[in-house]
file data-v4.txt (compact mmCIF, C-alpha atoms)
# COMPACT_ATOMS: atom_id res chain seq x y z
CA MET X 29 0.00 0.00 0.00
CA THR X 30 1.21 3.47 -0.83
CA PHE X 31 0.63 5.67 2.21
CA ASP X 32 -0.32 9.27 1.53
CA CYS X 33 -0.79 12.30 3.86
CA LYS X 34 -4.56 12.04 3.39
CA ASP X 35 -4.45 8.50 4.82
CA LEU X 36 -3.14 9.70 8.16
CA GLU X 37 -6.53 10.35 9.76
CA ARG X 38 -7.74 6.89 8.76
CA ALA X 39 -4.58 5.38 10.18
CA LEU X 40 -5.17 7.09 13.52
CA ALA X 41 -8.60 5.47 13.67
CA ILE X 42 -7.40 2.03 12.62
CA PRO X 43 -4.42 0.87 14.69
CA GLU X 44 -3.46 -1.72 12.07
CA LEU X 45 -2.56 1.12 9.68
CA LEU X 46 -0.29 2.91 12.16
CA PRO X 47 2.95 1.13 11.17
CA ASP X 48 2.46 2.42 7.61
CA ALA X 49 1.74 5.90 8.98
CA ARG X 50 4.99 5.82 10.98
CA GLU X 51 6.95 4.78 7.92
CA HIS X 52 5.43 7.64 5.95
CA ALA X 53 6.13 10.12 8.79
CA LYS X 54 9.84 9.43 8.46
CA VAL X 55 9.83 11.31 5.18
CA CYS X 56 6.94 13.76 5.79
CA ASP X 57 7.39 16.60 8.31
CA ALA X 58 3.68 17.54 8.47
CA CYS X 59 2.55 13.98 9.16
CA ARG X 60 5.41 13.48 11.63
CA ARG X 61 4.23 16.52 13.62
CA GLU X 62 0.61 15.30 13.57
CA LEU X 63 1.60 11.82 14.61
CA TRP X 64 3.80 13.21 17.35
CA LEU X 65 0.94 15.40 18.64
CA TRP X 66 -1.44 12.46 18.53
CA ASN X 67 0.84 10.33 20.68
CA GLU X 68 1.93 13.19 22.89
CA MET X 69 -1.67 13.92 23.89
CA SER X 70 -1.86 10.46 25.45
CA THR X 71 1.57 10.89 27.04
CA VAL X 72 0.87 14.19 28.78
CA ALA X 73 -2.81 13.52 29.59
CA PRO X 74 -2.18 11.67 32.89
CA GLY X 75 -0.39 14.82 34.08
CA LEU X 76 -3.70 16.67 33.87
CA ARG X 77 -4.93 14.64 36.80
CA GLU X 78 -5.72 16.90 39.72
CA GLU X 79 -4.67 15.70 43.16
CA TRP X 80 -4.95 17.44 46.48
CA GLU X 81 -5.21 16.47 50.12
CA THR X 82 -8.59 16.56 51.82
CA PRO X 83 -8.05 15.19 55.33
CA GLU X 84 -11.40 16.59 56.46
CA LEU X 85 -13.50 14.93 53.76
CA TRP X 86 -13.73 11.38 55.12
CA PRO X 87 -14.46 12.51 58.70
CA LYS X 88 -17.29 14.64 57.28
CA ILE X 89 -18.70 11.71 55.31
CA ARG X 90 -18.28 9.36 58.26
CA GLN X 91 -20.01 11.79 60.60
CA THR X 92 -22.95 12.18 58.21
CA LEU X 93 -23.24 8.42 57.73
CA ALA X 94 -23.09 7.79 61.48
CA ALA X 95 -25.83 10.38 62.03
CA GLN X 96 -27.92 8.74 59.31
CA GLN X 97 -27.40 5.31 60.86
CA LYS X 98 -28.51 6.70 64.22
CA ALA X 99 -31.58 8.30 62.67
CA ALA X 100 -32.43 5.08 60.83
CA LYS X 101 -32.21 3.12 64.07
CA ARG X 102 -34.43 5.67 65.78
CA TYR X 103 -36.90 5.45 62.90
CA SER X 104 -37.04 1.68 63.07
CA PHE X 105 -37.45 1.90 66.85
CA ASN X 106 -40.33 4.34 66.37
CA LYS X 107 -41.87 1.99 63.85
CA ARG X 108 -41.67 -0.97 66.18
CA PHE X 109 -43.04 0.79 69.22
CA ASP X 110 -46.07 2.88 69.70
CA TRP X 111 -44.94 5.95 71.56
CA ARG X 112 -48.23 6.14 73.46
CA LEU X 113 -47.53 2.64 74.71
CA LEU X 114 -44.05 3.63 75.78
CA THR X 115 -45.36 6.75 77.48
CA GLY X 116 -47.81 4.56 79.38
CA ILE X 117 -45.06 2.21 80.47
CA ALA X 118 -42.91 5.13 81.53
CA ALA X 119 -45.80 6.61 83.50
CA ALA X 120 -46.47 3.30 85.22
CA LEU X 121 -42.82 2.93 86.11
CA ALA X 122 -42.64 6.50 87.36
CA ILE X 123 -45.61 5.84 89.65
CA ALA X 124 -44.00 2.65 90.91
CA VAL X 125 -40.69 4.37 91.58
CA SER X 126 -42.42 7.28 93.35
CA VAL X 127 -44.25 4.86 95.64
CA PHE X 128 -41.02 3.03 96.45
CA ILE X 129 -39.30 6.27 97.32
CA VAL X 130 -42.18 7.45 99.53
CA THR X 131 -42.48 4.05 101.21
CA TYR X 132 -38.82 3.43 101.86
CA SER X 133 -37.68 6.92 102.65
CA ARG X 134 -39.77 6.84 105.84
CA PRO X 135 -37.62 6.36 108.96
CA SER X 136 -37.63 2.79 110.20
CA ALA X 137 -38.98 1.92 113.61
CA THR X 138 -35.81 0.22 114.72
CA PRO X 139 -32.30 0.03 113.34
CA ALA X 140 -32.58 -3.74 113.14
CA ALA X 141 -35.72 -3.48 111.03
CA ALA X 142 -33.98 -1.04 108.73
CA GLN X 143 -31.32 -3.60 107.97
CA ASP X 144 -33.97 -6.04 106.78
CA SER X 145 -36.08 -3.50 104.94
CA ASP X 146 -35.24 -4.85 101.49
CA PHE X 147 -35.56 -8.49 102.30
CA LEU X 148 -38.64 -10.15 103.61
CA THR X 149 -38.65 -13.15 105.82
CA GLU X 150 -39.97 -16.47 104.56
CA GLN X 151 -43.18 -16.07 106.54
CA THR X 152 -43.85 -12.58 105.26
CA LEU X 153 -43.12 -13.68 101.73
CA LYS X 154 -45.68 -16.43 102.03
CA GLU X 155 -48.24 -13.89 103.18
CA VAL X 156 -47.35 -11.54 100.36
CA GLU X 157 -47.69 -14.32 97.80
CA GLN X 158 -51.03 -15.39 99.17
CA THR X 159 -52.27 -11.81 99.20
CA GLU X 160 -51.00 -11.21 95.70
CA ALA X 161 -52.67 -14.35 94.40
CA ALA X 162 -55.98 -13.35 95.96
CA TYR X 163 -55.62 -9.78 94.72
CA ARG X 164 -54.78 -10.96 91.25
CA ALA X 165 -57.75 -13.29 91.19
CA SER X 166 -60.04 -10.38 92.19
CA ILE X 167 -58.61 -8.12 89.52
CA ASP X 168 -58.93 -10.86 86.90
CA LYS X 169 -62.57 -11.24 87.89
CA LEU X 170 -63.11 -7.50 87.58
CA SER X 171 -61.27 -7.55 84.27
CA ARG X 172 -63.58 -10.26 82.92
CA LEU X 173 -66.57 -8.09 83.86
CA VAL X 174 -65.16 -4.99 82.20
CA GLN X 175 -63.60 -6.53 79.09
CA PRO X 176 -66.80 -7.09 77.04
CA LYS X 177 -67.79 -3.44 77.51
CA LEU X 178 -64.33 -2.26 76.66
CA ASN X 179 -63.84 -4.38 73.56
CA VAL X 180 -66.92 -3.20 71.72
CA SER X 181 -66.51 0.52 72.35
CA GLU X 182 -64.64 2.79 69.96
CA ASN X 183 -65.11 5.71 72.32
CA PRO X 184 -61.73 7.53 72.69
CA ASP X 185 -61.83 6.99 76.47
CA ALA X 186 -62.36 3.27 75.96
CA VAL X 187 -59.55 3.11 73.41
CA ALA X 188 -57.24 4.96 75.81
CA ALA X 189 -58.29 2.66 78.67
CA ARG X 190 -57.62 -0.41 76.51
CA GLU X 191 -54.16 0.89 75.74
CA LYS X 192 -53.48 1.68 79.37
CA LEU X 193 -54.52 -1.83 80.39
CA MET X 194 -52.24 -3.27 77.73
CA VAL X 195 -49.35 -1.26 79.11
CA LEU X 196 -50.12 -2.27 82.67
CA ASP X 197 -50.50 -5.95 81.77
CA ALA X 198 -47.20 -5.91 79.92
CA GLU X 199 -45.50 -4.26 82.87
CA ILE X 200 -47.10 -6.65 85.36
CA VAL X 201 -45.80 -9.63 83.36
CA ASN X 202 -42.38 -7.98 83.27
CA VAL X 203 -42.20 -7.23 87.00
CA ARG X 204 -43.62 -10.65 87.93
CA SER X 205 -40.90 -12.39 85.97
CA THR X 206 -38.32 -10.28 87.80
CA VAL X 207 -39.95 -11.03 91.15
CA ALA X 208 -39.82 -14.76 90.35
CA HIS X 209 -36.03 -14.51 90.36
CA ASN X 210 -35.85 -12.28 93.41
CA LYS X 211 -38.76 -13.12 95.67
CA PHE X 212 -37.34 -11.49 98.78
CA ASN X 213 -36.95 -8.05 97.28
CA ALA X 214 -39.55 -5.92 98.98
CA GLN X 215 -39.21 -3.09 96.49
CA LEU X 216 -40.16 -5.32 93.58
CA GLN X 217 -43.10 -6.75 95.49
CA ALA X 218 -44.28 -3.23 96.34
CA GLY X 219 -43.87 -2.17 92.72
CA LEU X 220 -45.97 -5.10 91.58
CA ALA X 221 -48.63 -4.13 94.09
CA VAL X 222 -48.69 -0.59 92.70
CA LEU X 223 -49.22 -1.91 89.18
CA TYR X 224 -52.08 -4.15 90.36
CA ARG X 225 -53.64 -1.21 92.15
CA ASP X 226 -53.37 0.91 89.04
CA LYS X 227 -54.99 -1.80 86.98
CA GLN X 228 -57.74 -2.17 89.53
CA ASP X 229 -58.41 1.59 89.55
CA THR X 230 -58.50 1.67 85.75
CA LEU X 231 -60.96 -1.20 85.60
CA LYS X 232 -63.13 0.48 88.22
CA GLU X 233 -63.19 3.74 86.27
CA ILE X 234 -64.20 1.92 83.08
CA LEU X 235 -66.95 0.11 84.91
CA GLN X 236 -68.26 3.33 86.50
CA HIS X 237 -68.14 5.12 83.15
CA ALA X 238 -70.03 2.29 81.47
CA GLN X 239 -72.69 2.26 84.18
CA SER X 240 -73.17 6.03 84.09
CA SER X 241 -73.53 6.09 80.30
CA GLN X 242 -76.24 3.38 80.29
CA MET C 11 -5.97 1.04 36.79
CA ALA C 12 -4.73 2.90 39.84
CA ALA C 13 -2.61 1.12 42.38
CA GLY C 14 -5.34 1.36 44.99
CA ARG C 15 -7.85 -0.57 42.92
CA LEU C 16 -9.56 -3.38 44.74
CA THR C 17 -10.30 -6.84 43.42
CA ALA C 18 -13.89 -7.78 42.58
CA ARG C 19 -13.91 -10.20 45.51
CA SER C 20 -12.81 -7.69 48.08
CA ASP C 21 -15.12 -5.09 46.58
CA ALA C 22 -18.01 -7.47 47.22
CA ASP C 23 -16.81 -8.15 50.76
CA LEU C 24 -16.43 -4.47 51.52
CA ILE C 25 -19.86 -3.66 50.16
CA GLU C 26 -21.39 -6.51 52.16
CA ALA C 27 -19.72 -5.24 55.31
CA SER C 28 -20.83 -1.68 54.52
CA LYS C 29 -24.41 -2.90 54.13
CA ARG C 30 -24.17 -4.21 57.69
CA GLY C 31 -23.18 -0.73 58.84
CA ASP C 32 -19.42 -1.33 58.98
CA LEU C 33 -18.04 2.15 58.33
CA SER C 34 -14.42 1.01 58.42
CA ALA C 35 -15.14 -1.24 55.41
CA PHE C 36 -16.73 1.70 53.68
CA GLU C 37 -13.67 3.79 54.51
CA GLU C 38 -11.57 1.29 52.54
CA ILE C 39 -13.76 1.88 49.49
CA TYR C 40 -13.33 5.61 50.06
CA ALA C 41 -9.56 5.27 50.34
CA ALA C 42 -9.38 3.28 47.09
CA HIS C 43 -11.47 5.65 44.98
CA ALA C 44 -11.68 9.11 46.54
CA GLY C 45 -8.51 10.50 44.92
CA ARG C 46 -9.58 9.65 41.42
CA MET C 47 -13.14 10.73 42.14
CA LYS C 48 -11.97 14.16 43.25
CA SER C 49 -9.91 14.52 40.07
CA ILE C 50 -12.86 13.62 37.84
CA ALA C 51 -15.19 15.89 39.79
CA PHE C 52 -12.70 18.75 39.57
CA HIS C 53 -12.40 18.23 35.83
CA LEU C 54 -16.18 18.45 35.46
CA LEU C 55 -16.81 21.27 37.93
CA ALA C 56 -13.57 23.27 37.74
CA ASP C 57 -13.75 24.06 41.44
CA ARG C 58 -12.20 22.13 44.32
CA ALA C 59 -14.90 22.92 46.86
CA ASP C 60 -17.63 21.86 44.42
CA ALA C 61 -15.64 18.74 43.56
CA GLU C 62 -15.36 17.81 47.23
CA ASP C 63 -19.09 18.41 47.72
CA ALA C 64 -19.87 16.17 44.75
CA VAL C 65 -17.56 13.42 46.05
CA GLN C 66 -19.12 13.64 49.49
CA GLU C 67 -22.63 13.44 48.02
CA ALA C 68 -21.57 10.52 45.85
CA PHE C 69 -20.27 8.55 48.84
CA LEU C 70 -23.46 9.18 50.80
CA LYS C 71 -25.47 7.90 47.83
CA ILE C 72 -23.15 4.92 47.36
CA TYR C 73 -23.61 3.96 51.00
CA ARG C 74 -27.37 4.32 50.82
CA ALA C 75 -27.59 2.36 47.57
CA ALA C 76 -25.08 -0.33 48.55
CA GLY C 77 -27.89 -2.86 48.93
CA ALA C 78 -28.86 -2.49 45.29
CA ILE C 79 -25.46 -2.89 43.66
CA GLN C 80 -25.04 -5.56 40.98
CA PHE C 81 -21.51 -6.88 40.58
CA ASP C 82 -21.87 -7.75 36.90
CA SER C 83 -19.46 -5.02 35.86
CA GLY C 84 -17.68 -4.50 39.18
CA LEU C 85 -17.94 -1.84 41.82
CA ALA C 86 -15.90 0.89 40.14
CA PRO C 87 -18.19 1.66 37.17
CA TRP C 88 -21.16 1.90 39.51
CA ILE C 89 -19.31 4.24 41.88
CA TYR C 90 -18.12 6.53 39.08
CA ARG C 91 -21.54 6.57 37.45
CA ILE C 92 -22.98 7.85 40.73
CA LEU C 93 -20.18 10.40 40.92
CA LEU C 94 -20.85 11.72 37.42
CA ASN C 95 -24.54 12.13 38.25
CA CYS C 96 -23.64 14.00 41.44
CA CYS C 97 -21.32 16.26 39.42
CA TYR C 98 -24.05 17.00 36.90
CA ASP C 99 -26.45 17.81 39.76
CA THR C 100 -23.89 20.07 41.43
CA GLY C 101 -23.19 21.76 38.10
CA ARG C 102 -26.88 22.39 37.53
CA LYS C 103 -27.29 23.79 41.06
CA ARG C 104 -24.29 26.04 40.60
CA LYS C 105 -25.67 27.37 37.33
CA ARG C 106 -28.98 28.20 39.02
CA GLN C 107 -27.23 29.88 41.95
CA ALA C 108 -24.84 31.91 39.79
CA GLU C 109 -25.74 35.60 39.89
CA SER C 110 -24.57 36.08 36.33
CA PRO C 111 -24.72 33.33 33.74
CA LEU C 112 -21.50 31.40 33.20
CA PRO C 113 -19.62 32.38 30.05
CA ALA C 114 -20.88 30.20 27.22
CA GLU C 115 -17.69 30.50 25.18
CA PRO C 116 -14.68 28.64 26.59
CA PRO C 117 -11.38 30.53 26.71
CA ALA C 118 -9.18 30.59 23.64
CA ILE C 119 -6.14 28.31 23.55
CA PRO C 120 -3.07 30.42 24.27
CA HIS C 121 -0.03 30.28 21.98
CA ASN C 122 3.38 29.12 23.10
CA VAL C 123 2.28 27.35 26.24
CA PRO C 124 3.24 23.84 27.34
CA LEU C 125 1.25 21.17 25.55
CA GLN C 126 -0.36 20.05 28.79
CA LEU C 127 -1.82 23.48 29.44
CA ALA C 128 -2.92 23.81 25.83
CA ILE C 129 -4.71 20.45 26.03
CA ARG C 130 -6.44 21.49 29.25
CA THR C 131 -7.76 24.61 27.56
CA ALA C 132 -8.65 22.82 24.33
CA LEU C 133 -10.62 20.22 26.25
CA GLY C 134 -13.06 22.96 27.20
CA ARG C 135 -13.81 23.50 23.52
CA ILE C 136 -14.72 19.97 22.47
CA HIS C 137 -18.00 18.08 22.78
CA PRO C 138 -18.68 17.19 26.45
CA GLN C 139 -19.19 13.48 25.67
CA TYR C 140 -15.88 13.27 23.84
CA ARG C 141 -14.23 15.24 26.63
CA THR C 142 -15.53 12.86 29.32
CA VAL C 143 -14.31 9.77 27.45
CA PHE C 144 -10.90 11.41 26.87
CA TRP C 145 -10.64 12.27 30.54
CA LEU C 146 -11.67 8.84 31.81
CA PHE C 147 -9.45 6.93 29.35
CA GLU C 148 -6.40 9.10 28.89
CA VAL C 149 -6.22 11.00 32.18
CA GLU C 150 -7.70 8.61 34.73
CA GLY C 151 -6.55 5.43 33.02
CA PHE C 152 -9.81 3.51 32.75
CA ARG C 153 -10.05 0.83 30.07
CA HIS C 154 -12.62 1.18 27.30
CA SER C 155 -14.74 -1.56 28.90
CA GLU C 156 -14.80 0.45 32.13
CA VAL C 157 -15.50 3.75 30.41
CA ALA C 158 -18.36 2.02 28.59
CA ALA C 159 -19.76 0.66 31.86
CA ILE C 160 -19.48 4.02 33.62
CA LEU C 161 -21.18 5.94 30.83
CA GLU C 162 -23.53 3.09 29.95
CA ILE C 163 -22.53 3.12 26.30
CA PRO C 164 -21.22 0.33 24.05
CA GLU C 165 -17.46 -0.20 24.15
CA GLY C 166 -17.25 0.64 20.45
CA THR C 167 -18.84 4.01 21.16
CA SER C 168 -16.25 4.68 23.84
CA LYS C 169 -13.47 4.02 21.30
CA LYS C 170 -15.18 6.17 18.67
CA TRP C 171 -15.68 9.09 21.06
CA LEU C 172 -12.07 8.91 22.19
CA PHE C 173 -10.94 9.07 18.59
CA GLU C 174 -13.25 12.04 17.95
CA ALA C 175 -11.94 13.75 21.08
CA LYS C 176 -8.34 13.36 20.03
CA ARG C 177 -9.07 14.42 16.47
CA GLU C 178 -10.79 17.59 17.72
CA LEU C 179 -7.97 18.29 20.15
CA LYS C 180 -5.37 17.74 17.44
CA ARG C 181 -7.19 20.17 15.16
CA LEU C 182 -7.47 22.83 17.88
CA LEU C 183 -3.86 22.41 19.00
CA THR C 184 -2.57 22.49 15.42
CA GLU C 185 -4.58 25.66 14.73
CA CYS C 186 -3.32 27.48 17.81
CA ARG C 187 0.28 26.49 17.14
CA ALA C 188 0.18 27.32 13.44

call {"tool": "encode", "arguments": {"input": "data-v4.txt", "output": "structure tokens"}}
result
Amino acid sequence: MTFDCKDLERALAIPELLPDAREHAKVCDACRRELWLWNEMSTVAPGLREEWETPELWPKIRQTLAAQQKAAKRYSFNKRFDWRLLTGIAAALAIAVSVFIVTYSRPSATPAAAQDSDFLTEQTLKEVEQTEAAYRASIDKLSRLVQPKLNVSENPDAVAAREKLMVLDAEIVNVRSTVAHNKFNAQLQAGLAVLYRDKQDTLKEILQHAQSSQ
Amino acid sequence: MAAGRLTARSDADLIEASKRGDLSAFEEIYAAHAGRMKSIAFHLLADRADAEDAVQEAFLKIYRAAGAIQFDSGLAPWIYRILLNCCYDTGRKRKRQAESPLPAEPPAIPHNVPLQLAIRTALGRIHPQYRTVFWLFEVEGFRHSEVAAILEIPEGTSKKWLFEAKRELKRLLTECRA
């Protein structure tokens, strides 16, 4: 093939023709310059790369991602739990804690009694358990009376009462399981009693409300 | 490819770990790609602060979208595709925010300057698609298969656009040096 200046462009597009172009460039200044420029563009191009230090960039990205992770966890927590339910649990716990503080901040009758304030004797425990069982049976009975009225009503008060009972029941189950592992802890027993009392009062209110609206 | 390039296997491992919330794994991906990403973003946006913003935005998107990545063509093309989109978004935002419109006409290529500087200026005068392929292939060192995956074009098109880019550059450089 006879290579001509006008073939140069085609040779640049088709690598197989480049050896012929190089041969031709040996005797043609114009094509030699063009060929040189063509190759030189590729040679100097990597030098166009821009590099600079940004030590603050990753910490910024990491901080944003960590915040997003935290927010995502909070969102999934919010999705799993009804905040009203949690507020109810918190309220119930707050009441229980308040009662403990009031009950146990009173001065003890004797120093010896004070030493045993947190731990009941076997006999007292038996009494507490019997009382609790009887109390629980009474509340369950009251609950069975109230439940049909509560379940059918879509009245906001009834809905709120249902939710409150759910919270209390959940908390009672929780505290009872703790008590089962630590039967002699008077504070836990008192806390359980407070929750039962709260449940009883709630049931009573629902019953009174139902009777008055009939 | 750059020395910091990761293998497909370790890319997959790092992405899996990142999906589980492992930020140190994600930092490895950052370390391997951030330098080149900044360079590409700077080339497209011509401003370091904007380039850093685009890279940051790209990494946040990469992290969020890590669950959806397909490893058919590797991690890198996917990362750089996200980066290019972030750069285009940043560019659009900057145009809207600019008090006066950006000059439409790129600067003329100065005479008697080093070839590198002349190429940089000439690049501003060629078709943006050709320019991007030139930059990715010649400056950043991607292969045609990678350029094609990043830009979602056939490999043949990548080769054609590179040729067109170089032909245009050659013409401009020859004119300014004549």

call {"tool": "interface_residues", "arguments": {"input": "data-v4.txt", "of": "chain C", "to": "chain X", "cutoff": "7 Å", "atoms": "all atoms listed in the file", "output": "ChimeraX atom specification"}}
result
/C:45,49,66,70,126,148-150,173,180

call {"tool": "atom_distance", "arguments": {"input": "data-v4.txt", "atom1": "CA of His237 (chain X)", "atom2": "CA of Ser171 (chain X)"}}
result
14.5 Å

call {"tool": "residues_around", "arguments": {"input": "data-v4.txt", "residues": "Leu54 (chain C)", "least_positions_apart": "6", "cutoff": "10 Å", "atoms": "all atoms listed in the file", "output": "list of chain:residue names"}}
result
C:Lys48, C:Asp60, C:Ala61, C:Leu94, C:Cys97, C:Tyr98, C:Thr100, C:Gly101, C:Gly134, C:Pro138, C:Arg141, C:Thr142, C:Trp145

call {"tool": "closest_residue", "arguments": {"input": "data-v4.txt", "among": "C:Arg102, C:Lys176, C:Lys29, C:Arg130", "to": "Ala64 (chain C)", "atoms": "only C-alpha atoms"}}
result
C:Arg102

call {"tool": "atom_distance", "arguments": {"input": "data-v4.txt", "atom1": "CA of Leu223 (chain X)", "atom2": "CA of Lys177 (chain X)"}}
result
22.0 Å

call {"tool": "atom_distance", "arguments": {"input": "data-v4.txt", "atom1": "CA of Asp48 (chain X)", "atom2": "CA of Leu179 (chain C)"}}
result
22.8 Å

call {"tool": "residues_around", "arguments": {"input": "data-v4.txt", "residues": "Ile167 (chain X)", "least_positions_apart": "6", "cutoff": "8 Å", "atoms": "only C-alpha atoms", "output": "PyMOL selection string"}}
result
chain X and resi 224+227-228

call {"tool": "residues_around", "arguments": {"input": "data-v4.txt", "residues": "Leu172 (chain C)", "least_positions_apart": "2", "cutoff": "9 Å", "atoms": "only C-alpha atoms", "output": "number ranges by chain"}}
result
C: 140-144, 147-148, 167-170, 174-177

call {"tool": "closest_residue", "arguments": {"input": "data-v4.txt", "among": "X:Ala119, X:Phe212, X:Asp32, X:Tyr163", "to": "Glu199 (chain X)", "atoms": "only C-alpha atoms"}}
result
X:Ala119
